[in-house]
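Chemist: Following this message is one structure expressed as structure tokens.
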Amino acid sequence: MPVEVIMPKLGMAMKEGTVSQWNKTEGEAVKKGDPIASISSEKIEMEIESPADGNVLKINVPEGKGVPPGTVICYIGNPDEEVAATAAPVQEEKGQKEEIKAARPAPLPKKPGKVRVKISPVARKMAEAAGIKPEDIKGTGPGGRITKEDVEQAIASAKESRKQDIPVQAVAEEPQHTPVSGMRKVIAERMHASLQSAAQLTITMKADVTELLALKTQVKETIAKRYGSKLTITDFIARAAILALENHPEMNSAFMDNTIVTYPEIHLGIATAVEKGLIVPVIRNADSKSLIDLAKEIKEKTAAARSGKLPADEMQGSTFTISSLGASGVEFFTPILNPPEAGILGVGVVSDEAVFIGDKIEKRSRLPLSLTFDHRVLDGAPAAAFLQTVKQYLEEPVTMLL
């Protein structure tokens, strides 16, 4: 009897999964554990492995099609097995009808000489959009896998080649059209909805983190020996935000159904950039954790998010979020609220500046902070007081250790 391969439910909040890419074709032989398809949900992308040895008898869901969890996406079995007539494939367009016959599937033979190319889903889409065959790209990833960077290099080489071969009067290239799906679609919908539903305002300050950086250097060896880890500036910022939220609980709130809901616990979201977008791992009960424990959990969860191994349940329920663009050299920016939260703290790049200390000019390290808050929940003065408290903790870092 054919084995059903279903769209898994990647977390309680998952409503739809999309087949990003089929790694096997109908009729192709597979072994148990072979990656047969890449799927993506609102926040996660992963590969589905074959549950058994056999052949791909029928593919029910085409690439790019979203289906609910539990939907049969394909069947694995012996070439002589039949797939039930009720196993109708998902149609490309609504309203299309296709007669499904309960006949033995005719496996498609492999094309002679065809070699499967190891390539990530993102890289494959980029190559197809650029009109470049994956077979013509040299992969530099593990096992010769073609990465996004390999495709970008191939595109750049192709453009340079065209500049040399095509006359000056050449026709301009056609724009690339990329369907929005998976994580990108969810980010687009949530960010647009956030701006449409909340009265968002951003205020900014700069914190002098000269002493903080000195303290970080001073305790580096001790932390490494005793705890086997290190503290980053993000860890100190997270700790400062948590302490400030304890002093200003109105910022640890949400506006829902014409009601301001203030949370007794602090669940801190850490916005993390991944290959296809943005994920927000949540540090639950962050107010009960020491600086060391907080640092360890931030490191573990952001690493799991970047590798695609963070469970969906660990990306929900934050009450306040921190987003940093310092690594990109950005100073101030306007972070968008993560609904239904009332606040999000944007962190910029530390830079050395000449500052008057009394009558003298000194070189000081300054950190840009951008706070976006929901004006329906609190006004400018209490929001500024919260940001001032964050600034104070960062400028007096010893107070975060007491």
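Chain labels A, B, ... are given in the sequence in which chains occur in the structure tokens; within each chain residues are numbered consecutively from 1, and ligands are likewise numbered from 1 in the order shown.
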Report as a compact mmCIF listing (two decimals) with C-alpha atoms, in the first residue's frame all protein, DNA and RNA residues lying within 9 Å of range 179-181 of chain A, evaluated on only C-alpha atoms, omitting residues in the same chain fewer than 6 positions from it.
Modeler:
```txt
# COMPACT_ATOMS: atom_id res chain seq x y z
CA THR A 18 4.21 25.63 0.82
CA SER A 40 8.21 26.43 4.09
CA SER A 41 5.69 27.78 6.55
CA GLU A 42 5.15 31.28 7.84
CA GLY A 64 4.74 27.22 -4.85
CA LYS A 65 1.32 25.93 -3.77
CA GLY A 66 0.21 26.46 -0.17
CA ALA A 188 4.71 41.58 4.45
```
Chemist: As an MDAnalysis selection string, please: every residue in range 51-294 of chain A that a backbone DSSP assignment puts in strand (DSSP E).
Modeler: chainID A and resid 54:59 66:67 72:77 200:208 253:256 259:262 268:270 272:274 277:279 282:283
Chemist: Find the spatial neighbours of range 210-227 of chain A, counting only C-alpha atoms, within a cut-off of 6 Å - ignore same-chain residues fewer than 6 positions away - and output them as a PyMOL selection string.
Modeler: chain A and resi 364-365+397
Chemist: Would you mind telling me which residue in A:Ile44, A:Leu369, A:Val3, A:Leu245 lies nearest to Gly277 in chain A when using only C-alpha atoms?
Modeler: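 Between A:Ile44, A:Leu369, A:Val3, A:Leu245, the residue approaching Gly277 in chain A most closely is A:Ile44.
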Chemist: Give me the residues near Ile39 in chain A as a PyMOL selection string, where near means some atom within 7 Å (using only C-alpha atoms) and where sequence neighbours in that chain fewer than 5 positions away do not count.
Modeler: chain A and resi 17-20+45-47
Chemist: Those residues with C-alpha atoms, as a PDB file, in the first residue's frame please?
Modeler:
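So again_18.pdb came out as:
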```
ATOM      1  CA  GLY A  17       2.698  25.157   4.271  1.00  0.00           C
ATOM      2  CA  THR A  18       4.207  25.633   0.819  1.00  0.00           C
ATOM      3  CA  VAL A  19       6.242  23.211  -1.271  1.00  0.00           C
ATOM      4  CA  SER A  20       9.219  25.379  -2.201  1.00  0.00           C
ATOM      5  CA  GLU A  45      11.849  26.299   5.986  1.00  0.00           C
ATOM      6  CA  MET A  46      12.871  22.642   6.128  1.00  0.00           C
ATOM      7  CA  GLU A  47      13.324  19.508   4.019  1.00  0.00           C
TER       8      GLU A  47
END
```
Chemist: Return the single residue from A:Ile155, A:Met126, A:Leu337, A:Met7 that is closest to Tyr75 in chain A, with distances computed using only C-alpha atoms.
Modeler: A:Met7
Chemist: May I ask which of the residues A:Ala129, A:Val355, A:Phe333, A:Leu291 is the closest one to Thr399 in chain A, counting only C-alpha atoms?
Modeler: A:Leu291
